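Data from structure_5.txt: compact mmCIF, C-alpha atoms and all ligand atoms
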```txt
# COMPACT_ATOMS: atom_id res chain seq x y z
CA MET T 1 12.39 -6.76 -0.27
CA ALA T 2 15.70 -7.56 -2.01
CA ASN T 3 17.03 -9.31 1.14
CA HIS T 4 14.11 -11.72 1.48
CA PRO T 5 15.66 -15.25 1.62
CA HIS T 6 13.62 -16.75 -1.24
CA ILE T 7 13.35 -13.58 -3.27
CA GLU T 8 14.88 -14.97 -6.48
CA GLU T 9 12.48 -17.96 -6.52
CA THR T 10 9.54 -15.64 -5.84
CA ILE T 11 10.61 -13.35 -8.68
CA GLU T 12 11.00 -16.30 -11.04
CA GLU T 13 7.52 -17.64 -10.22
CA THR T 14 5.93 -14.21 -10.43
CA TYR T 15 7.60 -13.55 -13.77
CA ALA T 16 6.36 -16.87 -15.19
CA GLY T 17 2.80 -16.10 -14.03
CA PHE T 18 2.86 -12.61 -15.45
CA ARG T 19 4.47 -13.65 -18.75
CA ALA T 20 1.88 -16.39 -19.29
CA ARG T 21 -0.90 -13.79 -19.06
CA LEU T 22 0.99 -11.25 -21.18
CA ASP T 23 1.80 -13.80 -23.88
CA ALA T 24 -1.92 -14.62 -24.03
CA GLU T 25 -2.57 -10.85 -24.37
CA ASP T 26 -4.87 -11.20 -21.37
CA LYS T 27 -5.01 -7.59 -20.21
CA ALA T 28 -7.49 -8.17 -17.38
CA GLY T 29 -5.46 -11.16 -16.18
CA CYS T 30 -2.23 -9.09 -16.17
CA VAL T 31 -3.86 -6.28 -14.18
CA MET T 32 -5.44 -8.62 -11.61
CA PHE T 33 -2.20 -10.56 -11.27
CA ALA T 34 -0.20 -7.35 -10.72
CA LEU T 35 -2.61 -6.06 -8.11
CA SER T 36 -2.65 -9.35 -6.23
CA VAL T 37 1.17 -9.41 -6.17
CA LEU T 38 1.34 -5.87 -4.74
CA GLN T 39 -1.65 -6.09 -2.40
CA SER T 40 -0.42 -9.32 -0.81
CA ALA T 41 3.11 -7.82 -0.58
CA VAL T 42 4.66 -10.70 -2.56
CA LEU T 43 6.86 -8.02 -4.19
CA ASP T 44 7.09 -4.28 -3.68
CA ILE T 45 6.51 -1.80 -6.53
CA PRO T 46 10.18 -1.22 -7.48
CA THR T 47 10.89 -4.96 -7.59
CA PHE T 48 7.69 -5.64 -9.54
CA TYR T 49 8.54 -2.93 -12.06
CA GLU T 50 12.24 -3.72 -12.46
CA ARG T 51 12.18 -7.51 -12.26
CA ILE T 52 8.79 -8.35 -13.79
CA VAL T 53 7.37 -5.56 -15.99
CA ALA T 54 10.62 -4.23 -17.50
CA PRO T 55 12.02 -7.66 -18.49
CA ALA T 56 8.60 -8.62 -19.89
CA ALA T 57 8.78 -5.50 -22.08
CA ARG T 58 12.38 -6.04 -23.13
CA GLU T 59 11.98 -9.71 -23.97
CA GLN T 60 9.80 -9.15 -26.98
CA ARG T 61 11.50 -10.94 -29.80
CA CYS T 62 10.74 -11.11 -33.45
CA THR T 63 12.61 -12.51 -36.40
CA MET T 64 12.89 -10.43 -39.57
CA ARG T 65 10.43 -12.84 -41.26
CA GLN T 66 7.84 -12.15 -38.55
CA ARG T 67 8.53 -8.43 -38.50
CA ALA T 68 5.27 -7.19 -40.03
CA LEU T 69 3.36 -9.23 -37.50
CA CYS T 70 5.61 -8.29 -34.64
CA ILE T 71 5.39 -4.51 -34.63
CA TRP T 72 1.65 -4.38 -33.98
CA GLU T 73 1.98 -7.11 -31.38
CA GLU T 74 4.72 -5.08 -29.68
CA HIS T 75 2.26 -2.18 -29.53
CA VAL T 76 -0.44 -4.41 -28.03
CA ARG T 77 1.93 -5.76 -25.36
CA THR T 78 3.31 -2.31 -24.55
CA SER T 79 -0.23 -1.01 -24.19
CA ILE T 80 -1.10 -3.86 -21.78
CA LEU T 81 2.03 -3.09 -19.74
CA ARG T 82 1.13 0.59 -19.69
CA THR T 83 -2.33 -0.30 -18.34
CA VAL T 84 -0.74 -2.48 -15.67
CA ILE T 85 1.51 0.39 -14.56
CA GLU T 86 -1.41 2.85 -14.44
CA CYS T 87 -3.41 0.36 -12.35
CA CYS T 88 -0.56 0.24 -9.82
CA TYR T 89 -1.04 3.95 -9.10
CA PRO T 90 -3.47 3.54 -6.17
CA GLU T 91 -0.99 1.10 -4.58
CA LEU T 92 1.76 3.68 -5.08
CA THR T 93 -0.20 6.41 -3.32
CA LYS T 94 -0.94 3.94 -0.49
CA VAL T 95 2.79 3.23 -0.04
CA ARG T 96 3.56 6.95 -0.03
CA ARG T 97 0.90 7.58 2.61
CA LEU T 98 2.24 4.71 4.72
CA ASN T 99 5.76 6.13 4.48
CA GLY T 100 4.30 8.87 6.64
CA ASP T 101 6.53 11.78 5.60
CA PRO T 102 4.24 14.55 4.29
CA ARG T 103 7.18 16.66 3.10
CA THR T 104 7.91 16.73 -0.60
CA LYS T 105 11.33 16.98 -2.17
CA GLY T 106 9.78 19.26 -4.79
CA SER T 107 8.43 18.86 -8.30
CA ALA T 108 10.05 16.73 -10.96
CA LEU T 109 9.45 16.50 -14.70
CA ILE T 110 10.08 13.31 -16.67
CA VAL T 111 10.43 13.79 -20.42
CA CYS T 112 11.52 11.96 -23.54
CA PRO T 113 13.31 14.01 -26.23
CA PRO T 114 11.83 14.66 -29.68
CA GLU T 115 11.32 11.47 -31.73
CA GLU T 116 11.77 9.20 -28.70
CA TYR T 117 8.71 6.96 -28.81
CA HIS T 118 9.83 4.52 -26.12
CA GLU T 119 7.99 5.70 -23.04
CA LEU T 120 7.60 2.73 -20.71
CA GLY T 121 10.91 3.33 -18.93
CA ALA T 122 10.06 7.00 -18.44
CA ARG T 123 6.58 6.14 -17.16
CA MET T 124 8.06 3.62 -14.74
CA VAL T 125 10.69 5.96 -13.31
CA THR T 126 7.96 8.57 -12.82
CA ASP T 127 6.48 6.24 -10.20
CA LEU T 128 9.89 5.40 -8.72
CA PHE T 129 10.70 9.11 -8.20
CA THR T 130 7.20 9.53 -6.71
CA LEU T 131 7.97 6.74 -4.22
CA CYS T 132 11.10 8.67 -3.25
CA GLY T 133 9.11 11.76 -2.30
CA PHE T 134 8.95 13.93 -5.43
CA GLU T 135 5.76 15.36 -6.98
CA VAL T 136 6.30 14.05 -10.48
CA THR T 137 4.79 15.15 -13.78
CA PHE T 138 5.15 12.62 -16.58
CA VAL T 139 5.32 14.54 -19.85
CA GLY T 140 6.03 11.46 -21.91
CA ALA T 141 7.21 10.38 -25.33
CA ASN T 142 8.35 12.52 -28.25
CA THR T 143 8.14 15.94 -26.60
CA PRO T 144 9.29 18.88 -28.75
CA GLN T 145 12.32 20.64 -27.30
CA GLN T 146 10.54 23.99 -26.94
CA ASP T 147 7.69 22.35 -25.03
CA ILE T 148 10.13 20.74 -22.61
CA LEU T 149 11.57 24.20 -21.90
CA THR T 150 8.09 25.69 -21.50
CA ALA T 151 7.11 22.92 -19.07
CA VAL T 152 10.18 23.74 -16.96
CA THR T 153 9.27 27.42 -16.77
CA VAL T 154 5.70 26.55 -15.71
CA VAL T 155 6.32 23.66 -13.29
CA HIS T 156 9.56 25.02 -11.68
CA PRO T 157 10.91 21.52 -11.04
CA VAL T 158 13.83 20.70 -8.77
CA LEU T 159 14.66 17.85 -11.13
CA VAL T 160 14.25 17.14 -14.83
CA GLY T 161 14.59 13.48 -15.82
CA ILE T 162 15.30 12.66 -19.48
CA SER T 163 14.74 9.17 -20.80
CA ILE T 164 16.58 8.09 -23.96
CA THR T 165 16.11 4.58 -25.31
CA SER T 166 16.97 4.68 -28.99
CA PRO T 167 20.57 5.55 -29.90
CA TYR T 168 19.13 7.45 -32.88
CA ASN T 169 17.81 10.00 -30.37
CA LEU T 170 21.10 10.75 -28.65
CA ILE T 171 21.69 13.89 -30.71
CA ALA T 172 18.22 15.29 -29.97
CA ALA T 173 18.73 14.44 -26.29
CA ARG T 174 22.07 16.24 -26.17
CA ARG T 175 20.52 19.33 -27.78
CA THR T 176 17.64 19.29 -25.31
CA ILE T 177 20.06 19.03 -22.40
CA GLN T 178 22.15 21.92 -23.76
CA GLN T 179 18.97 24.03 -23.98
CA LEU T 180 17.97 23.07 -20.44
CA ILE T 181 21.40 24.09 -19.16
CA ALA T 182 21.13 27.43 -21.04
CA LEU T 183 17.66 28.03 -19.58
CA ARG T 184 18.93 27.24 -16.09
CA THR T 185 21.81 29.70 -16.48
CA ASP T 186 19.60 32.44 -17.96
CA THR T 187 16.94 32.15 -15.25
CA GLY T 188 19.25 31.46 -12.31
CA GLY T 189 17.47 28.13 -11.83
CA THR T 190 18.85 25.30 -9.72
CA PHE T 191 17.08 22.20 -11.09
CA ARG T 192 19.18 19.08 -11.51
CA ILE T 193 19.24 17.23 -14.82
CA VAL T 194 19.08 13.44 -14.50
CA ALA T 195 19.50 11.29 -17.60
CA GLY T 196 18.66 7.61 -18.00
CA GLY T 197 17.49 4.97 -20.44
CA GLN T 198 19.00 2.21 -22.53
CA ALA T 199 20.76 4.49 -25.03
CA LEU T 200 23.01 5.77 -22.24
CA LYS T 201 23.35 2.60 -20.18
CA ASN T 202 26.13 3.44 -17.70
CA ASP T 203 28.01 5.77 -20.04
CA THR T 204 28.93 8.38 -17.44
CA CYS T 205 31.58 9.79 -19.80
CA ARG T 206 28.96 10.77 -22.35
CA ALA T 207 26.54 12.03 -19.70
CA THR T 208 29.24 14.15 -18.06
CA SER T 209 30.43 15.56 -21.39
CA TRP T 210 26.84 16.68 -22.06
CA GLY T 211 26.73 18.48 -18.71
CA VAL T 212 24.15 16.15 -17.15
CA ASP T 213 24.19 16.39 -13.33
CA LEU T 214 23.39 12.75 -12.69
CA LEU T 215 23.14 9.53 -14.69
CA ALA T 216 20.71 7.00 -13.24
CA GLN T 217 19.09 3.75 -14.31
CA SER T 218 17.73 1.80 -11.36
CA TYR T 219 15.53 2.34 -8.33
CA ASP T 220 18.68 2.12 -6.18
CA ASP T 221 20.19 5.00 -8.19
CA ILE T 222 17.00 7.03 -7.82
CA ARG T 223 16.83 6.37 -4.06
CA ARG T 224 20.48 7.35 -3.68
CA ILE T 225 19.88 10.60 -5.59
CA SER T 226 16.83 11.38 -3.50
CA GLU T 227 18.68 10.73 -0.24
CA GLU T 228 22.09 12.23 -1.02
CA THR T 229 21.14 15.40 -2.82
CA PRO T 230 20.04 18.25 -0.53
CA TRP T 231 16.52 18.82 -1.95
CA PRO T 232 14.57 21.82 -0.66
CA SER T 233 12.00 19.83 1.45
CA ARG T 234 8.68 21.62 1.92
C1 LIG T 301 8.37 -1.59 -26.92
C2 LIG T 301 9.47 -1.19 -27.88
C3 LIG T 301 9.15 -0.27 -28.88
C4 LIG T 301 7.79 0.42 -28.99
C5 LIG T 301 7.72 1.52 -27.90
C6 LIG T 301 6.27 1.77 -27.47
C7 LIG T 301 6.15 2.63 -26.25
N1 LIG T 301 4.95 3.20 -26.15
O1 LIG T 301 7.02 2.76 -25.40
C8 LIG T 301 7.82 0.97 -30.45
C9 LIG T 301 7.11 -0.01 -31.38
C10 LIG T 301 7.23 2.36 -30.65
C11 LIG T 301 9.33 0.94 -30.77
C12 LIG T 301 9.88 1.63 -31.84
C13 LIG T 301 11.21 1.55 -32.20
N2 LIG T 301 12.15 0.75 -31.63
CO1 LIG T 301 11.86 -0.24 -29.99
N3 LIG T 301 11.75 -1.43 -28.57
C14 LIG T 301 10.78 -1.72 -27.76
C15 LIG T 301 11.24 -2.79 -26.73
C16 LIG T 301 10.67 -4.14 -27.20
C17 LIG T 301 10.87 -2.54 -25.27
C18 LIG T 301 11.29 -1.17 -24.70
C19 LIG T 301 10.76 -1.04 -23.31
O2 LIG T 301 9.62 -0.66 -23.09
N4 LIG T 301 11.55 -1.46 -22.29
C20 LIG T 301 11.10 -1.53 -20.90
C21 LIG T 301 11.59 -0.38 -20.07
C22 LIG T 301 10.84 -0.36 -18.74
O3 LIG T 301 12.94 -0.60 -19.80
P1 LIG T 301 14.07 0.47 -20.15
O4 LIG T 301 13.65 1.21 -21.35
O5 LIG T 301 15.35 -0.25 -20.16
O6 LIG T 301 14.00 1.49 -18.91
C23 LIG T 301 14.56 1.16 -17.65
C24 LIG T 301 15.87 1.88 -17.40
O7 LIG T 301 16.59 2.14 -18.58
C25 LIG T 301 15.51 3.09 -16.64
N5 LIG T 301 15.25 4.36 -17.30
C26 LIG T 301 14.71 4.60 -18.50
N6 LIG T 301 14.59 5.90 -18.71
C27 LIG T 301 15.06 6.54 -17.62
C28 LIG T 301 15.14 7.90 -17.31
C29 LIG T 301 15.64 8.30 -16.07
C30 LIG T 301 15.71 9.76 -15.73
C31 LIG T 301 16.07 7.31 -15.13
C32 LIG T 301 16.56 7.72 -13.81
C33 LIG T 301 16.00 5.95 -15.45
C34 LIG T 301 15.49 5.58 -16.70
O8 LIG T 301 14.35 2.72 -15.95
C35 LIG T 301 13.60 1.70 -16.62
C36 LIG T 301 13.12 0.71 -15.59
O9 LIG T 301 14.14 -0.13 -15.14
C37 LIG T 301 12.81 -2.70 -26.90
C38 LIG T 301 13.54 -4.00 -26.60
C39 LIG T 301 14.45 -3.82 -25.41
N7 LIG T 301 15.45 -4.68 -25.31
O10 LIG T 301 14.28 -2.94 -24.61
C40 LIG T 301 12.95 -2.22 -28.36
C41 LIG T 301 14.18 -1.38 -28.73
C42 LIG T 301 14.48 -0.38 -27.64
N8 LIG T 301 13.72 -0.69 -29.92
C43 LIG T 301 14.64 -0.58 -30.84
C44 LIG T 301 14.47 0.05 -32.11
C45 LIG T 301 15.63 -0.08 -33.07
C46 LIG T 301 13.28 0.72 -32.44
C47 LIG T 301 12.97 1.43 -33.75
C48 LIG T 301 14.10 2.25 -34.36
C49 LIG T 301 12.45 0.37 -34.71
C50 LIG T 301 12.16 0.86 -36.10
N9 LIG T 301 13.02 0.48 -37.01
O11 LIG T 301 11.18 1.55 -36.31
C51 LIG T 301 11.77 2.34 -33.33
C52 LIG T 301 12.26 3.70 -32.84
C53 LIG T 301 11.15 4.58 -32.42
C54 LIG T 301 11.64 5.89 -31.87
N10 LIG T 301 11.88 6.85 -32.76
O12 LIG T 301 11.80 6.05 -30.68
C55 LIG T 301 15.97 -1.20 -30.37
C56 LIG T 301 17.00 -0.12 -29.96
C57 LIG T 301 18.41 -0.66 -30.01
C58 LIG T 301 19.36 0.04 -30.92
N11 LIG T 301 20.62 -0.14 -30.59
O13 LIG T 301 18.99 0.66 -31.88
C59 LIG T 301 15.47 -2.16 -29.23
C60 LIG T 301 16.48 -2.42 -28.11
C61 LIG T 301 15.06 -3.50 -29.92
C62 LIG T 301 16.24 -4.25 -30.49
N12 LIG T 301 16.75 -5.23 -29.77
O14 LIG T 301 16.66 -3.98 -31.56
N13 LIG T 301 9.99 0.14 -29.90
```

Starting from the file, give its structure as C-alpha cells.
Ligand code: B12
Amino acid sequence: MANHPHIEETIEETYAGFRARLDAEDKAGCVMFALSVLQSAVLDIPTFYERIVAPAAREQRCTMRQRALCIWEEHVRTSILRTVIECCYPELTKVRRLNGDPRTKGSALIVCPPEEYHELGARMVTDLFTLCGFEVTFVGANTPQQDILTAVTVVHPVLVGISITSPYNLIAARRTIQQLIALRTDTGGTFRIVAGGQALKNDTCRATSWGVDLLAQSYDDIRRISEETPWPSR
C-alpha cells in the first residue's frame, strides 16, 4: 500500500474526509467512512490506523481557557475512534483469512501499566499484531501489576506488549517489566517483552536498561518482529 504512486494524496483526502466527520462528532458517519475506505481497498488497515485514526486522535488541541470544555470532548472523540476501531474487526478477520496461513505465532497479551488511561494505541497495536499472525488478547488501560502477572500465567503468551503513553507512568511501567522478567525467570518462561507508546518514543537506551526485549512503535516494527523472531508456529 505504501508504494502506491498517489498514496500521499489519497491519505490526505481520506484524512480530510474522516476529520470532517470526527469534528462534527458524527459517529455513524465515521464508522461508515472507515468501512468504505477498507472495503474498497482505498487504504489497508495499518495505513488507515497509522495515518488516519492515530493522527486524528493526536491532533486534539485545547487551550488552557477551553480546558474544562476540552476534556469531555476528548473523551467523546476517543470513544468515537474506539468504536471505529472495533468496527474494523470483521475486516481484520477477513484479511487474516485471505492471508491464508492458518498457523499462529502464538498468544500475545497487550497491556497498559497501572494508572495508564491512554488505551487507543494499545487497542490499535492489538489489531496490528493480530494481522501479523498472533492470537492477541487486549487487556487494556490501567491494569494492576498483579493482574498483568496473573494474565500471563493463565494465557501463556509468547509475547507481552506494554503500552506507555504518559511519562508519569514510566516508573509503574518499569516496575511491571521488572516483575514480568522475574516471573519469566521463576517459571522458566520464554515470552518476549515488547514495549511501545509515546512515553518511550525511540528511547532504546531506556528500554534496554529496563530489560525490555524489543522496543516497537509502528506496523513496520511489528511486522519485522513477527518475521525475524523465531516464534513457535502451531
Ligand atoms: C485521548 C487522550 C487522553 C484521554 C485518553 C482516553 C483513552 N481512552 O485512551 C484521557 C482524557 C483519559 C487523557 C488523560 C491524560 N492525558 Co492525554 N492525551 C490524549 C491524546 C489527545 C491522544 C492519545 C491517543 O489516543 N493517541 C493515538 C494513539 C493511536 O497513538 P499513540 O498513543 O502514539 O500510539 C501509537 C504508537 O505509539 C504505538 N504504540 C502505542 N503503544 C504501543 C505498544 C506497543 C507494544 C507497540 C508495539 C506500539 C505501541 O502504536 C500506536 C499507533 O501508531 C494525547 C495527545 C497526543 N499527542 O497523543 C494526549 C496526551 C498523551 N495526554 C497527555 C496528558 C498530560 C494527560 C493527562 C496527564 C492530563 C491530565 N492532566 O489529567 C492525563 C493522564 C491520564 C493517565 N493517568 O494516563 C499528554 C502527555 C504528554 C506529556 N509529556 O505529559 C498528551 C501528549 C497531550 C499533550 N500534548 O499534552 N488523555

Once you count only C-alpha atoms, which residues end up no further than 8 Å from (8.5, 13.3, -28.4) in the file's frame, shown as a list in words?
Cys112, Pro113, Pro114, Glu115, Glu116, Tyr117, Gly140, Ala141, Asn142, Thr143 and Pro144 of chain T

Taking all atoms listed in the file into account, list the residues no farther than 8 Å from ligand LIG 301 (chain T), as a PyMOL selection string.
chain T and resi 49-50+53-61+71-72+74-75+77-79+82+110+115-125+141-142+160-169+194-199+201+215-219+221-222

One-decimal distance in Å that lies between atom CA of T:Cys30 and atom CA of T:Tyr89:
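Interatomic distance, atom CA of T:Tyr89 to atom CA of T:Cys30: 14.9 Å.
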
Under the rule that all atoms listed in the file are counted, which of T:Phe129, T:Trp210, T:Phe138, T:Phe33 is the nearest residue to T:Ile225?
T:Phe129

Just give me the gap between atom CA of T:Asp186 and atom CA of T:Gly106 in Å, one decimal is fine.
21.1 Å

For T:Asp127, work out the shell of residues within 9 Å, counting only C-alpha atoms and skipping chain neighbours fewer than 6 positions away, then give it as a PyMOL selection string.
chain T and resi 45-46+85+89+92+136

Rounded to one decimal, what separation in Å do you get between atom CA of T:Thr137 and atom CA of T:Gln179?
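So the answer is 19.6 Å.
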
Please determine, counting only C-alpha atoms, which residue among T:Thr208, T:Thr47, T:Thr190, T:Thr93 has the shortest atom-to-atom distance to T:His4.
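Ranked by minimum distance to T:His4, first place goes to T:Thr47.
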
Tell me, as a CSV table (one decimal) with C-alpha atoms, keeping the file's coordinate frame, which residues lie within 12 Å of T:Leu43, counting all atoms listed in the file; anything in the same chain fewer than 5 positions away does not count.
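Saved file around_12.csv follows:
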```
chain,number,residue,atom,x,y,z
T,1,MET,CA,12.4,-6.8,-0.3
T,2,ALA,CA,15.7,-7.6,-2.0
T,3,ASN,CA,17.0,-9.3,1.1
T,4,HIS,CA,14.1,-11.7,1.5
T,6,HIS,CA,13.6,-16.8,-1.2
T,7,ILE,CA,13.4,-13.6,-3.3
T,8,GLU,CA,14.9,-15.0,-6.5
T,9,GLU,CA,12.5,-18.0,-6.5
T,10,THR,CA,9.5,-15.6,-5.8
T,11,ILE,CA,10.6,-13.4,-8.7
T,12,GLU,CA,11.0,-16.3,-11.0
T,13,GLU,CA,7.5,-17.6,-10.2
T,14,THR,CA,5.9,-14.2,-10.4
T,15,TYR,CA,7.6,-13.6,-13.8
T,33,PHE,CA,-2.2,-10.6,-11.3
T,34,ALA,CA,-0.2,-7.4,-10.7
T,35,LEU,CA,-2.6,-6.1,-8.1
T,36,SER,CA,-2.6,-9.4,-6.2
T,37,VAL,CA,1.2,-9.4,-6.2
T,38,LEU,CA,1.3,-5.9,-4.7
T,48,PHE,CA,7.7,-5.6,-9.5
T,49,TYR,CA,8.5,-2.9,-12.1
T,50,GLU,CA,12.2,-3.7,-12.5
T,51,ARG,CA,12.2,-7.5,-12.3
T,52,ILE,CA,8.8,-8.4,-13.8
```

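Among the candidates T:Ala41, T:Leu170, T:Leu159, T:Leu183, the residue lying nearest to T:Leu214 is T:Leu159 (atoms considered: all atoms listed in the file).
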
My list of candidates is T:Ala207, T:Cys132, T:Ala151, T:Val212. Which is closest to T:Pro102 when distances are computed with all atoms listed in the file?
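Counting all atoms listed in the file, the residue closest to T:Pro102 is T:Cys132.
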
Between T:Val158, T:Ile171, T:Ile181, T:Val84, smallest distance to T:Thr104 by all atoms listed in the file belongs to T:Val158

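Proximity of T:Trp231, T:Thr185, T:Asp220, T:Gly133 to T:Arg103, computed with all atoms listed in the file, is greatest for T:Gly133.
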